[in-house]
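What follows is the content of upload.cif (mmCIF, C-alpha atoms and all ligand atoms; chains and numbers go by the auth columns).
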```cif
data_entry
#
loop_
_atom_site.group_PDB
_atom_site.id
_atom_site.type_symbol
_atom_site.label_atom_id
_atom_site.label_comp_id
_atom_site.label_asym_id
_atom_site.label_seq_id
_atom_site.Cartn_x
_atom_site.Cartn_y
_atom_site.Cartn_z
_atom_site.B_iso_or_equiv
_atom_site.auth_seq_id
_atom_site.auth_asym_id
ATOM 1 C CA MET A 1 0.000 0.000 0.000 0.00 1 W
ATOM 2 C CA PRO A 2 1.512 3.371 -0.914 0.00 2 W
ATOM 3 C CA GLU A 3 2.137 6.072 1.710 0.00 3 W
ATOM 4 C CA LEU A 4 -0.281 8.899 0.857 0.00 4 W
ATOM 5 C CA PRO A 5 -0.611 12.285 2.573 0.00 5 W
ATOM 6 C CA GLY A 6 -3.497 12.207 5.029 0.00 6 W
ATOM 7 C CA ALA A 7 -4.067 8.486 4.518 0.00 7 W
ATOM 8 C CA GLU A 8 -4.028 5.933 7.290 0.00 8 W
ATOM 9 C CA ARG A 9 -3.042 2.310 6.680 0.00 9 W
ATOM 10 C CA ARG A 10 -5.356 -0.391 8.037 0.00 10 W
ATOM 11 C CA GLY A 11 -5.404 -4.132 7.747 0.00 11 W
ATOM 12 C CA PRO A 12 -4.666 -6.403 6.080 0.00 12 W
ATOM 13 C CA ALA A 13 -8.156 -7.824 6.521 0.00 13 W
ATOM 14 C CA ALA A 14 -9.564 -10.854 4.726 0.00 14 W
ATOM 15 C CA TYR A 15 -13.130 -10.383 3.507 0.00 15 W
ATOM 16 C CA ASP A 16 -14.265 -13.408 5.501 0.00 16 W
ATOM 17 C CA ASP A 17 -12.757 -12.116 8.768 0.00 17 W
ATOM 18 C CA ALA A 18 -15.622 -10.049 10.201 0.00 18 W
ATOM 19 C CA ALA A 19 -13.666 -8.526 13.098 0.00 19 W
ATOM 20 C CA ALA A 20 -10.666 -7.588 10.953 0.00 20 W
ATOM 21 C CA MET A 21 -12.878 -6.139 8.224 0.00 21 W
ATOM 22 C CA ARG A 22 -14.821 -4.104 10.743 0.00 22 W
ATOM 23 C CA ALA A 23 -11.608 -2.721 12.227 0.00 23 W
ATOM 24 C CA ALA A 24 -10.303 -1.937 8.733 0.00 24 W
ATOM 25 C CA VAL A 25 -13.358 0.113 7.724 0.00 25 W
ATOM 26 C CA ASP A 26 -14.051 1.687 11.124 0.00 26 W
ATOM 27 C CA ARG A 27 -14.758 5.447 10.661 0.00 27 W
ATOM 28 C CA ALA A 28 -14.441 5.154 6.876 0.00 28 W
ATOM 29 C CA SER A 29 -17.149 6.898 4.860 0.00 29 W
ATOM 30 C CA THR A 30 -16.856 4.727 1.734 0.00 30 W
ATOM 31 C CA LEU A 31 -15.788 1.144 1.140 0.00 31 W
ATOM 32 C CA VAL A 32 -14.421 0.409 -2.335 0.00 32 W
ATOM 33 C CA LEU A 33 -14.908 -3.336 -2.591 0.00 33 W
ATOM 34 C CA VAL A 34 -12.814 -5.038 -5.261 0.00 34 W
ATOM 35 C CA SER A 35 -14.187 -8.486 -6.003 0.00 35 W
ATOM 36 C CA GLY A 36 -12.041 -11.149 -4.387 0.00 36 W
ATOM 37 C CA HIS A 37 -10.307 -14.196 -5.766 0.00 37 W
ATOM 38 C CA ARG A 38 -12.564 -16.850 -7.257 0.00 38 W
ATOM 39 C CA THR A 39 -13.007 -19.215 -4.328 0.00 39 W
ATOM 40 C CA LYS A 40 -15.944 -21.487 -3.529 0.00 40 W
ATOM 41 C CA ARG A 41 -16.926 -18.990 -0.798 0.00 41 W
ATOM 42 C CA ARG A 42 -16.585 -15.829 -2.865 0.00 42 W
ATOM 43 C CA LEU A 43 -20.155 -14.566 -2.423 0.00 43 W
ATOM 44 C CA GLU A 44 -20.027 -15.286 1.300 0.00 44 W
ATOM 45 C CA GLU A 45 -16.751 -13.340 1.542 0.00 45 W
ATOM 46 C CA HIS A 46 -18.189 -10.366 -0.344 0.00 46 W
ATOM 47 C CA ALA A 47 -21.337 -10.465 1.815 0.00 47 W
ATOM 48 C CA ASN A 48 -19.222 -10.500 4.949 0.00 48 W
ATOM 49 C CA ALA A 49 -17.318 -7.431 3.751 0.00 49 W
ATOM 50 C CA VAL A 50 -20.603 -5.611 3.090 0.00 50 W
ATOM 51 C CA GLU A 51 -21.964 -6.569 6.521 0.00 51 W
ATOM 52 C CA ALA A 52 -18.740 -5.327 8.162 0.00 52 W
ATOM 53 C CA ALA A 53 -19.224 -1.994 6.382 0.00 53 W
ATOM 54 C CA LYS A 54 -22.788 -1.779 7.682 0.00 54 W
ATOM 55 C CA ALA A 55 -21.728 -2.675 11.218 0.00 55 W
ATOM 56 C CA ALA A 56 -19.029 0.022 11.111 0.00 56 W
ATOM 57 C CA CYS A 57 -21.587 2.602 9.852 0.00 57 W
ATOM 58 C CA VAL A 58 -19.800 3.085 6.534 0.00 58 W
ATOM 59 C CA ASN A 59 -21.905 5.428 4.440 0.00 59 W
ATOM 60 C CA ARG A 60 -21.687 3.585 1.142 0.00 60 W
ATOM 61 C CA VAL A 61 -20.073 0.793 -0.822 0.00 61 W
ATOM 62 C CA LEU A 62 -18.628 1.050 -4.335 0.00 62 W
ATOM 63 C CA TYR A 63 -18.405 -2.446 -5.783 0.00 63 W
ATOM 64 C CA VAL A 64 -16.047 -3.178 -8.672 0.00 64 W
ATOM 65 C CA SER A 65 -17.993 -5.722 -10.736 0.00 65 W
ATOM 66 C CA LEU A 66 -17.679 -6.959 -14.303 0.00 66 W
ATOM 67 C CA VAL A 67 -19.363 -5.953 -17.537 0.00 67 W
ATOM 68 C CA GLY A 68 -22.045 -8.487 -18.505 0.00 68 W
ATOM 69 C CA ALA A 69 -22.784 -9.537 -14.905 0.00 69 W
ATOM 70 C CA SER A 70 -25.874 -11.711 -15.157 0.00 70 W
ATOM 71 C CA PRO A 71 -27.387 -14.861 -13.630 0.00 71 W
ATOM 72 C CA THR A 72 -27.187 -16.629 -16.977 0.00 72 W
ATOM 73 C CA ALA A 73 -23.730 -15.461 -18.075 0.00 73 W
ATOM 74 C CA THR A 74 -21.641 -18.107 -19.807 0.00 74 W
ATOM 75 C CA TYR A 75 -18.589 -16.650 -18.098 0.00 75 W
ATOM 76 C CA LEU A 76 -18.879 -17.928 -14.508 0.00 76 W
ATOM 77 C CA ASN A 77 -17.046 -14.916 -13.040 0.00 77 W
ATOM 78 C CA ALA A 78 -19.884 -12.717 -14.297 0.00 78 W
ATOM 79 C CA ARG A 79 -22.431 -14.847 -12.407 0.00 79 W
ATOM 80 C CA ASP A 80 -20.509 -14.424 -9.134 0.00 80 W
ATOM 81 C CA GLN A 81 -20.448 -10.692 -9.732 0.00 81 W
ATOM 82 C CA TRP A 82 -24.182 -10.580 -10.402 0.00 82 W
ATOM 83 C CA MET A 83 -24.920 -12.465 -7.165 0.00 83 W
ATOM 84 C CA THR A 84 -22.833 -9.996 -5.174 0.00 84 W
ATOM 85 C CA GLU A 85 -24.655 -7.107 -6.870 0.00 85 W
ATOM 86 C CA GLN A 86 -27.975 -8.658 -5.797 0.00 86 W
ATOM 87 C CA TYR A 87 -26.749 -9.053 -2.240 0.00 87 W
ATOM 88 C CA LEU A 88 -25.622 -5.430 -2.153 0.00 88 W
ATOM 89 C CA ALA A 89 -28.927 -4.167 -3.553 0.00 89 W
ATOM 90 C CA ALA A 90 -30.813 -5.962 -0.776 0.00 90 W
ATOM 91 C CA ALA A 91 -28.364 -5.060 2.008 0.00 91 W
ATOM 92 C CA GLY A 92 -29.856 -1.654 2.796 0.00 92 W
ATOM 93 C CA ILE A 93 -26.690 0.425 2.324 0.00 93 W
ATOM 94 C CA ARG A 94 -25.988 3.178 -0.211 0.00 94 W
ATOM 95 C CA HIS A 95 -24.035 1.637 -3.037 0.00 95 W
ATOM 96 C CA THR A 96 -22.884 1.947 -6.634 0.00 96 W
ATOM 97 C CA VAL A 97 -21.951 -0.934 -8.919 0.00 97 W
ATOM 98 C CA LEU A 98 -19.022 -0.297 -11.254 0.00 98 W
ATOM 99 C CA ARG A 99 -19.006 -2.856 -14.048 0.00 99 W
ATOM 100 C CA ALA A 100 -15.626 -2.576 -15.713 0.00 100 W
ATOM 101 C CA GLY A 101 -14.846 -4.261 -19.012 0.00 101 W
ATOM 102 C CA PHE A 102 -11.965 -6.667 -19.395 0.00 102 W
ATOM 103 C CA TYR A 103 -8.569 -5.413 -18.322 0.00 103 W
ATOM 104 C CA ALA A 104 -6.505 -4.147 -21.227 0.00 104 W
ATOM 105 C CA SER A 105 -3.479 -5.710 -19.555 0.00 105 W
ATOM 106 C CA THR A 106 -4.854 -9.237 -20.000 0.00 106 W
ATOM 107 C CA PRO A 107 -4.554 -9.545 -23.817 0.00 107 W
ATOM 108 C CA ALA A 108 -1.376 -7.435 -23.687 0.00 108 W
ATOM 109 C CA ALA A 109 0.146 -10.066 -21.406 0.00 109 W
ATOM 110 C CA LEU A 110 -0.907 -12.814 -23.827 0.00 110 W
ATOM 111 C CA ALA A 111 0.540 -11.158 -26.952 0.00 111 W
ATOM 112 C CA ASP A 112 3.563 -12.663 -28.655 0.00 112 W
ATOM 113 C CA GLU A 113 6.574 -10.711 -29.966 0.00 113 W
ATOM 114 C CA ASN A 114 4.491 -9.614 -32.984 0.00 114 W
ATOM 115 C CA PHE A 115 1.719 -8.301 -30.675 0.00 115 W
ATOM 116 C CA LEU A 116 -0.496 -11.164 -31.826 0.00 116 W
ATOM 117 C CA VAL A 117 -2.968 -12.709 -29.398 0.00 117 W
ATOM 118 C CA SER A 118 -4.131 -16.173 -30.424 0.00 118 W
ATOM 119 C CA GLY A 119 -7.345 -17.632 -29.051 0.00 119 W
ATOM 120 C CA PRO A 120 -10.387 -19.693 -29.960 0.00 120 W
ATOM 121 C CA GLY A 121 -12.422 -16.677 -31.130 0.00 121 W
ATOM 122 C CA GLY A 122 -12.581 -17.418 -34.848 0.00 122 W
ATOM 123 C CA GLY A 123 -10.908 -15.308 -37.542 0.00 123 W
ATOM 124 C CA THR A 124 -11.805 -11.923 -36.106 0.00 124 W
ATOM 125 C CA GLY A 125 -13.377 -10.768 -32.906 0.00 125 W
ATOM 126 C CA ARG A 126 -14.348 -7.726 -30.925 0.00 126 W
ATOM 127 C CA VAL A 127 -13.364 -7.037 -27.365 0.00 127 W
ATOM 128 C CA ALA A 128 -14.168 -4.237 -24.926 0.00 128 W
ATOM 129 C CA LEU A 129 -11.240 -3.307 -22.700 0.00 129 W
ATOM 130 C CA VAL A 130 -10.421 -0.863 -19.899 0.00 130 W
ATOM 131 C CA THR A 131 -7.146 0.057 -18.271 0.00 131 W
ATOM 132 C CA HIS A 132 -6.612 -0.115 -14.523 0.00 132 W
ATOM 133 C CA ALA A 133 -5.975 3.649 -14.581 0.00 133 W
ATOM 134 C CA ASP A 134 -9.405 4.194 -16.109 0.00 134 W
ATOM 135 C CA ILE A 135 -11.046 2.030 -13.455 0.00 135 W
ATOM 136 C CA ALA A 136 -9.236 4.037 -10.775 0.00 136 W
ATOM 137 C CA ASN A 137 -10.417 7.312 -12.349 0.00 137 W
ATOM 138 C CA VAL A 138 -14.051 6.188 -12.393 0.00 138 W
ATOM 139 C CA VAL A 139 -13.914 4.862 -8.818 0.00 139 W
ATOM 140 C CA THR A 140 -12.331 8.142 -7.689 0.00 140 W
ATOM 141 C CA ALA A 141 -14.937 10.289 -9.454 0.00 141 W
ATOM 142 C CA VAL A 142 -17.799 8.341 -7.863 0.00 142 W
ATOM 143 C CA ALA A 143 -16.117 8.245 -4.433 0.00 143 W
ATOM 144 C CA LEU A 144 -15.655 12.030 -4.482 0.00 144 W
ATOM 145 C CA ASP A 145 -19.311 12.629 -5.298 0.00 145 W
ATOM 146 C CA ASP A 146 -20.570 13.475 -1.810 0.00 146 W
ATOM 147 C CA ASP A 147 -24.002 14.701 -2.890 0.00 147 W
ATOM 148 C CA PRO A 148 -26.375 13.119 -0.323 0.00 148 W
ATOM 149 C CA ARG A 149 -28.792 12.442 -3.202 0.00 149 W
ATOM 150 C CA SER A 150 -26.186 11.334 -5.685 0.00 150 W
ATOM 151 C CA LYS A 151 -27.195 10.133 -9.136 0.00 151 W
ATOM 152 C CA HIS A 152 -24.717 7.317 -8.537 0.00 152 W
ATOM 153 C CA ASP A 153 -26.752 5.828 -5.678 0.00 153 W
ATOM 154 C CA ALA A 154 -28.034 2.357 -6.642 0.00 154 W
ATOM 155 C CA ALA A 155 -26.662 2.950 -10.145 0.00 155 W
ATOM 156 C CA ILE A 156 -24.905 0.363 -12.273 0.00 156 W
ATOM 157 C CA LEU A 157 -22.175 1.993 -14.332 0.00 157 W
ATOM 158 C CA GLU A 158 -20.844 -0.057 -17.234 0.00 158 W
ATOM 159 C CA TRP A 159 -17.929 1.064 -19.318 0.00 159 W
ATOM 160 C CA ALA A 160 -15.346 -0.181 -21.739 0.00 160 W
ATOM 161 C CA PHE A 161 -13.578 0.969 -24.839 0.00 161 W
ATOM 162 C CA ARG A 162 -14.419 -0.914 -27.967 0.00 162 W
ATOM 163 C CA GLY A 163 -11.475 -2.259 -29.911 0.00 163 W
ATOM 164 C CA GLU A 164 -11.010 -4.728 -32.699 0.00 164 W
ATOM 165 C CA LEU A 165 -8.989 -7.887 -32.344 0.00 165 W
ATOM 166 C CA CYS A 166 -8.211 -9.436 -35.693 0.00 166 W
ATOM 167 C CA HIS A 167 -5.706 -11.710 -37.357 0.00 167 W
HETATM 168 N N1 LIG B . -12.347 -7.196 -15.676 0.00 201 D
HETATM 169 C C1 LIG B . -11.384 -8.067 -15.948 0.00 201 D
HETATM 170 O O1 LIG B . -10.858 -8.213 -17.048 0.00 201 D
HETATM 171 C C2 LIG B . -10.856 -8.875 -14.890 0.00 201 D
HETATM 172 C C3 LIG B . -9.688 -9.545 -15.142 0.00 201 D
HETATM 173 C C4 LIG B . -9.167 -10.259 -14.149 0.00 201 D
HETATM 174 C C5 LIG B . -9.819 -10.308 -12.930 0.00 201 D
HETATM 175 N N2 LIG B . -10.981 -9.664 -12.736 0.00 201 D
HETATM 176 C C6 LIG B . -11.680 -9.715 -11.454 0.00 201 D
HETATM 177 O O2 LIG B . -11.406 -8.498 -10.777 0.00 201 D
HETATM 178 C C7 LIG B . -11.064 -8.768 -9.439 0.00 201 D
HETATM 179 C C8 LIG B . -9.704 -8.234 -9.127 0.00 201 D
HETATM 180 O O3 LIG B . -8.793 -8.780 -10.031 0.00 201 D
HETATM 181 P P1 LIG B . -7.297 -8.370 -10.012 0.00 201 D
HETATM 182 O O4 LIG B . -6.646 -8.987 -11.192 0.00 201 D
HETATM 183 O O5 LIG B . -7.180 -6.895 -9.795 0.00 201 D
HETATM 184 O O6 LIG B . -6.835 -9.191 -8.762 0.00 201 D
HETATM 185 P P2 LIG B . -5.634 -8.904 -7.792 0.00 201 D
HETATM 186 O O7 LIG B . -4.522 -8.166 -8.485 0.00 201 D
HETATM 187 O O8 LIG B . -5.337 -10.218 -7.160 0.00 201 D
HETATM 188 O O9 LIG B . -6.240 -7.878 -6.741 0.00 201 D
HETATM 189 C C9 LIG B . -7.300 -8.246 -5.932 0.00 201 D
HETATM 190 C C10 LIG B . -7.086 -7.530 -4.585 0.00 201 D
HETATM 191 O O10 LIG B . -8.142 -7.931 -3.712 0.00 201 D
HETATM 192 C C11 LIG B . -7.553 -8.562 -2.594 0.00 201 D
HETATM 193 N N3 LIG B . -8.380 -9.690 -2.218 0.00 201 D
HETATM 194 C C12 LIG B . -8.760 -10.720 -2.994 0.00 201 D
HETATM 195 N N4 LIG B . -9.515 -11.578 -2.286 0.00 201 D
HETATM 196 C C13 LIG B . -9.590 -11.065 -1.031 0.00 201 D
HETATM 197 C C14 LIG B . -10.211 -11.478 0.163 0.00 201 D
HETATM 198 N N5 LIG B . -10.934 -12.610 0.212 0.00 201 D
HETATM 199 N N6 LIG B . -10.066 -10.727 1.263 0.00 201 D
HETATM 200 C C15 LIG B . -9.344 -9.577 1.234 0.00 201 D
HETATM 201 N N7 LIG B . -8.744 -9.106 0.130 0.00 201 D
HETATM 202 C C16 LIG B . -8.849 -9.854 -0.987 0.00 201 D
HETATM 203 C C17 LIG B . -6.201 -9.042 -3.027 0.00 201 D
HETATM 204 O O11 LIG B . -5.378 -9.169 -1.911 0.00 201 D
HETATM 205 P P3 LIG B . -4.103 -10.146 -1.938 0.00 201 D
HETATM 206 O O12 LIG B . -3.146 -9.534 -2.918 0.00 201 D
HETATM 207 O O13 LIG B . -3.613 -10.092 -0.546 0.00 201 D
HETATM 208 O O14 LIG B . -4.576 -11.472 -2.360 0.00 201 D
HETATM 209 C C18 LIG B . -5.769 -7.922 -3.954 0.00 201 D
HETATM 210 O O15 LIG B . -5.292 -6.815 -3.225 0.00 201 D
HETATM 211 C C19 LIG B . -11.184 -10.294 -9.279 0.00 201 D
HETATM 212 O O16 LIG B . -12.442 -10.575 -8.737 0.00 201 D
HETATM 213 C C20 LIG B . -11.105 -10.823 -10.658 0.00 201 D
HETATM 214 O O17 LIG B . -11.893 -12.001 -10.820 0.00 201 D
HETATM 215 C C21 LIG B . -11.505 -8.933 -13.670 0.00 201 D
#
```
Would you write the structure of this file as structure tokens?
Amino acid sequence: MPELPGAERRGPAAYDDAAAMRAAVDRASTLVLVSGHRTKRRLEEHANAVEAAKAACVNRVLYVSLVGASPTATYLNARDQWMTEQYLAAAGIRHTVLRAGFYASTPAALADENFLVSGPGGGTGRVALVTHADIANVVTAVALDDDPRSKHDAAILEWAFRGELCH
């Protein structure tokens, strides 16, 4: 964690450790919840983090989800994300869902020395990507919106840049 002026380090706290999570978010106004690793208890872990925020009187939760989150998504990660979104919506806390597209760094890491990414997508394909910096900018903009009746409350924000992947 970087040293930032005016910032206070807390934790580490695992999402499934209620006491540690509560201590980590104590007196915080906003919890930015990045979805955790894909474990068999992922939803439970996310729910525990949300409950810790409620118990610590955190004002709102910003949840970093995934574009295409849906109960019927073919991509299983997107189903986990949708279930967490549902939990959050029913939890009775101010919240915003931030559905980022796929990380631009993922195909970049897969590219060969000719910047070619090979995959089972057919001859050509489209992909919607975002950079981590863009995700950080969006999270920051929403976190800094302190309007008590913010347009971001209960909103689902989806964003990605559209690019072409082709052979
Ligand atoms: N949109 C996309 O293209 C895309 C791509 C890859 C992943 N994702 C999803 O986005 C999320 C973040 O991915 P990432 O690549 O940024 O992962 P990452 O680099 O591993 O970062 C996740 C962060 O959350 C923490 N974390 C994970 N599980 C936790 C838990 N149970 N309790 C407390 N902290 C926990 C990790 O802590 P530690 O470092 O201590 O483990 C780490 O700081 C994941 O849910 C992943 O499935 C999305």
Using only C-alpha atoms and all ligand atoms, find each residue of chain W with at least one atom at most 9 Å away from an atom of ligand LIG 201 (chain D); report its shortest atom-to-atom pair and that distance in Å (one decimal), sort the rows by chain and rising residue number, and return the result as a Markdown table.
```
| residue | atom | partner | partner_atom | distance |
| --- | --- | --- | --- | --- |
| W:Pro12 | CA | D:LIG201 | C15 | 7.4 |
| W:Ala13 | CA | D:LIG201 | C15 | 5.7 |
| W:Ala14 | CA | D:LIG201 | N6 | 3.5 |
| W:Tyr15 | CA | D:LIG201 | N6 | 3.8 |
| W:Asp16 | CA | D:LIG201 | N5 | 6.3 |
| W:Asp17 | CA | D:LIG201 | N6 | 8.1 |
| W:Met21 | CA | D:LIG201 | C15 | 8.6 |
| W:Leu33 | CA | D:LIG201 | O10 | 8.3 |
| W:Val34 | CA | D:LIG201 | O10 | 5.7 |
| W:Ser35 | CA | D:LIG201 | O16 | 3.9 |
| W:Gly36 | CA | D:LIG201 | N4 | 3.3 |
| W:His37 | CA | D:LIG201 | N4 | 4.4 |
| W:Arg38 | CA | D:LIG201 | O17 | 6.1 |
| W:Thr39 | CA | D:LIG201 | N5 | 8.3 |
| W:Arg41 | CA | D:LIG201 | N5 | 8.8 |
| W:Arg42 | CA | D:LIG201 | N5 | 7.2 |
| W:Glu45 | CA | D:LIG201 | N5 | 6.0 |
| W:His46 | CA | D:LIG201 | N5 | 7.6 |
| W:Ala49 | CA | D:LIG201 | N6 | 8.3 |
| W:Val64 | CA | D:LIG201 | O2 | 7.4 |
| W:Ser65 | CA | D:LIG201 | O2 | 7.1 |
| W:Leu66 | CA | D:LIG201 | N1 | 5.5 |
| W:Val67 | CA | D:LIG201 | N1 | 7.4 |
| W:Asn77 | CA | D:LIG201 | O17 | 6.3 |
| W:Ala78 | CA | D:LIG201 | O17 | 8.7 |
| W:Asp80 | CA | D:LIG201 | O16 | 8.9 |
| W:Gln81 | CA | D:LIG201 | O16 | 8.1 |
| W:Arg99 | CA | D:LIG201 | N1 | 8.1 |
| W:Ala100 | CA | D:LIG201 | N1 | 5.7 |
| W:Gly101 | CA | D:LIG201 | N1 | 5.1 |
| W:Phe102 | CA | D:LIG201 | O1 | 3.0 |
| W:Tyr103 | CA | D:LIG201 | O1 | 3.8 |
| W:Ala104 | CA | D:LIG201 | O1 | 7.3 |
| W:Ser105 | CA | D:LIG201 | O1 | 8.2 |
| W:Thr106 | CA | D:LIG201 | O1 | 6.8 |
| W:Leu129 | CA | D:LIG201 | O1 | 7.5 |
| W:Val130 | CA | D:LIG201 | N1 | 7.9 |
| W:His132 | CA | D:LIG201 | O5 | 8.3 |
```
In terms of the shortest atom-to-atom distance over all atoms listed in the file, which of W:Lys40, W:Arg79, W:Arg94, W:Arg10 is closest to Arg27 in chain W?
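Comparing W:Lys40, W:Arg79, W:Arg94, W:Arg10 against Arg27 in chain W, the winner is W:Arg10.
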Rank nothing, just name the residue among W:Gly92, W:Pro5, W:Pro148, W:Gly119 nearest to Val50 in chain W, using all atoms listed in the file.
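Between W:Gly92, W:Pro5, W:Pro148, W:Gly119, the residue approaching Val50 in chain W most closely is W:Gly92.
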Translate the PyMOL selection byres (((chain W and resi 62) around 8) and not hetatm) into a concrete residue list for this structure, as a ChimeraX atom specification.
/W:30-33,60-61,63-64,95-98,139,143
Suppose you want the space between CA of Pro107 in chain W and CA of Ile156 in chain W; what is it in Å?
25.4 Å
